[in-house]
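K.L.:
Take a look at the following structure, please.
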Amino acid sequence: MPDPKLLTISGSLRKGAYNRMLLNEAVRAFGPADVTEADLHLPLYDGDLEEAEGVPDAVHTLADQIKAADAVIIASPEYNKGITGALKNALDWVSRVEGMPFKGKPTVVMSANAGRTGGETGQFMLLSCLVPLQAEVLTGPMLCVAAAHNEFGEDGQLTNDLYVKALQTRMRALHDRLS
């Protein structure tokens with residue numbers, strides 16, 4: 001049986017983002033997989049642009065990646081008590097693509113944040129945004145890495161055993177869901 005296809009989505013555009021590190025750790029905990037990293041460098045959603053030019057090619061690429069994936073893993077920081085603009089914009093654009101790419105797609109949500117709650121409020125907002133897209137969000141204890149700047153080593157790996165175990169538990173559940 002071929003390795004499962006995972007799509008990782010970081011709500012942060014920064015290359016050295018803690019959420020990218022968290023996604024790398026998630027993939028490592030998941031085990032063998034064919035992994036694609038989504039690119040959220042998309043134009044801002046604009047109904048006039050959509051009407052004049054249609055849905056941009058970059059959005060179709062993202063929607064196709066979601067459709068092709070066996071599962072999606074999203075890690076996103078919380079910006080000002082909410083979802084990041086880049087991630088919200090991507091979800092808004094994807095919602096405009098025919099075929100509902102997220103419908104029934106096993107999806108895991110997590111966050112790493114500088115603050116003491118680890119992005120919990122942003123996760124709640126993200127979960128709300130995934131409802132109309134009909135993603136199959138795997139339930140379980142939230143994984144919110146607080147004070148992320150203290151939780152990753154120079155190698156980009158999580159150093160806190162509690163977070164490592166929580167991540168392993170989430171990835172084992174996703175792996176079992178795909179088996």
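The chains in the structure tokens are called A, B, ... from first to last as shown; in each chain the residues are counted from 1, and the ligands are counted from 1 in the order shown.
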I want to know what sits within 9 Å of Leu167 (chain A), based on only C-alpha atoms, with residues of the same chain fewer than 5 positions away left out; could you give that as a ChimeraX atom specification?
P.N.:
/A:22,25-26,29,110,143,162,172
K.L.:
How would the residues just picked look written out with C-alpha atoms as an mmCIF file, in the first residue's frame?
P.N.:
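Output (result.cif):
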```cif
data_model
loop_
_atom_site.group_PDB
_atom_site.id
_atom_site.type_symbol
_atom_site.label_atom_id
_atom_site.label_comp_id
_atom_site.auth_asym_id
_atom_site.auth_seq_id
_atom_site.Cartn_x
_atom_site.Cartn_y
_atom_site.Cartn_z
ATOM 1 C CA LEU A 22 5.204 22.028 14.423
ATOM 2 C CA GLU A 25 7.185 17.461 13.912
ATOM 3 C CA ALA A 26 3.673 16.258 13.079
ATOM 4 C CA ALA A 29 5.368 11.668 14.359
ATOM 5 C CA MET A 110 -2.951 22.569 15.996
ATOM 6 C CA LEU A 143 -2.604 20.850 20.802
ATOM 7 C CA LEU A 162 4.131 16.810 27.112
ATOM 8 C CA ARG A 172 -1.475 8.181 15.786
#
```
K.L.:
Tell me, as a ChimeraX atom specification, which residues lie within 12 Å of Val137 (chain A), counting only C-alpha atoms; anything in the same chain fewer than 3 positions away does not count.
P.N.:
/A:71-74,102-110,123-124,126-134,140,142,170,173-174,177
K.L.:
Any chance you can output those residues with C-alpha atoms as a PDB file, in the first residue's frame?
P.N.:
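The new file again.pdb reads:
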```
ATOM      1  CA  ALA A  71      -5.584  14.096   5.121  1.00  0.00           C
ATOM      2  CA  VAL A  72      -4.778  17.717   5.920  1.00  0.00           C
ATOM      3  CA  ILE A  73      -2.773  18.994   8.884  1.00  0.00           C
ATOM      4  CA  ILE A  74      -3.146  22.691   9.690  1.00  0.00           C
ATOM      5  CA  PHE A 102     -12.434  19.888   2.205  1.00  0.00           C
ATOM      6  CA  LYS A 103     -15.709  17.913   2.296  1.00  0.00           C
ATOM      7  CA  GLY A 104     -15.152  14.772   4.368  1.00  0.00           C
ATOM      8  CA  LYS A 105     -11.370  15.336   4.398  1.00  0.00           C
ATOM      9  CA  PRO A 106      -9.748  14.118   7.646  1.00  0.00           C
ATOM     10  CA  THR A 107      -8.198  17.273   9.113  1.00  0.00           C
ATOM     11  CA  VAL A 108      -6.096  17.898  12.211  1.00  0.00           C
ATOM     12  CA  VAL A 109      -5.722  21.394  13.650  1.00  0.00           C
ATOM     13  CA  MET A 110      -2.951  22.569  15.996  1.00  0.00           C
ATOM     14  CA  GLN A 123      -7.926  27.349  16.889  1.00  0.00           C
ATOM     15  CA  PHE A 124     -11.550  27.829  17.917  1.00  0.00           C
ATOM     16  CA  LEU A 126     -10.277  28.019  12.621  1.00  0.00           C
ATOM     17  CA  LEU A 127     -12.568  25.164  13.636  1.00  0.00           C
ATOM     18  CA  SER A 128     -15.559  27.451  13.038  1.00  0.00           C
ATOM     19  CA  CYS A 129     -14.218  28.344   9.585  1.00  0.00           C
ATOM     20  CA  LEU A 130     -13.848  24.653   8.690  1.00  0.00           C
ATOM     21  CA  VAL A 131     -17.496  23.848   9.511  1.00  0.00           C
ATOM     22  CA  PRO A 132     -19.045  25.278   6.323  1.00  0.00           C
ATOM     23  CA  LEU A 133     -16.253  23.660   4.296  1.00  0.00           C
ATOM     24  CA  GLN A 134     -17.368  20.312   5.774  1.00  0.00           C
ATOM     25  CA  GLY A 140      -9.309  15.230  20.705  1.00  0.00           C
ATOM     26  CA  MET A 142      -6.304  20.608  21.523  1.00  0.00           C
ATOM     27  CA  ARG A 170      -2.902  13.207  17.506  1.00  0.00           C
ATOM     28  CA  ALA A 173      -5.221   8.951  15.683  1.00  0.00           C
ATOM     29  CA  LEU A 174      -4.869  10.395  12.181  1.00  0.00           C
ATOM     30  CA  ARG A 177      -8.145   6.972  10.735  1.00  0.00           C
TER      31      ARG A 177
END
```
K.L.:
Just give me the gap between CA of Leu178 (chain A) and CA of Asn19 (chain A) in Å, one decimal is fine.
P.N.:
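Pair CA of Leu178 (chain A) / CA of Asn19 (chain A) returns 23.2 Å.
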K.L.:
Provide the CA of Thr139 (chain A) to CA of Thr169 (chain A) distance in Å, to one decimal place.
P.N.:
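Distance between the two atoms: 11.5 Å.
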K.L.:
Which one of A:Val35, A:Leu13, A:Leu158, A:Ala146 sits closest to Ala90 (chain A) if you count only C-alpha atoms?
P.N.:
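That would be A:Leu13, the residue with the smallest distance to Ala90 (chain A).
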K.L.:
Hey, which of A:Pro56, A:Pro32, A:Pro77, A:Gly11 ends up closest to Ala112 (chain A)? Count only C-alpha atoms.
P.N.:
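Looking at the shortest contact to Ala112 (chain A), the residue is A:Pro77.
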K.L.:
Show which residues sit within 10 Å of Asp3 (chain A), as a PyMOL selection string. Count only C-alpha atoms, and ignore same-chain residues fewer than 3 positions away.
P.N.:
chain A and resi 6+31-35+70
K.L.:
Give me, as a PyMOL selection string, the residues of region 17-80 of chain A that a backbone DSSP run labels helix (DSSP H, G or I).
P.N.:
chain A and resi 18-30+47-53+57-68
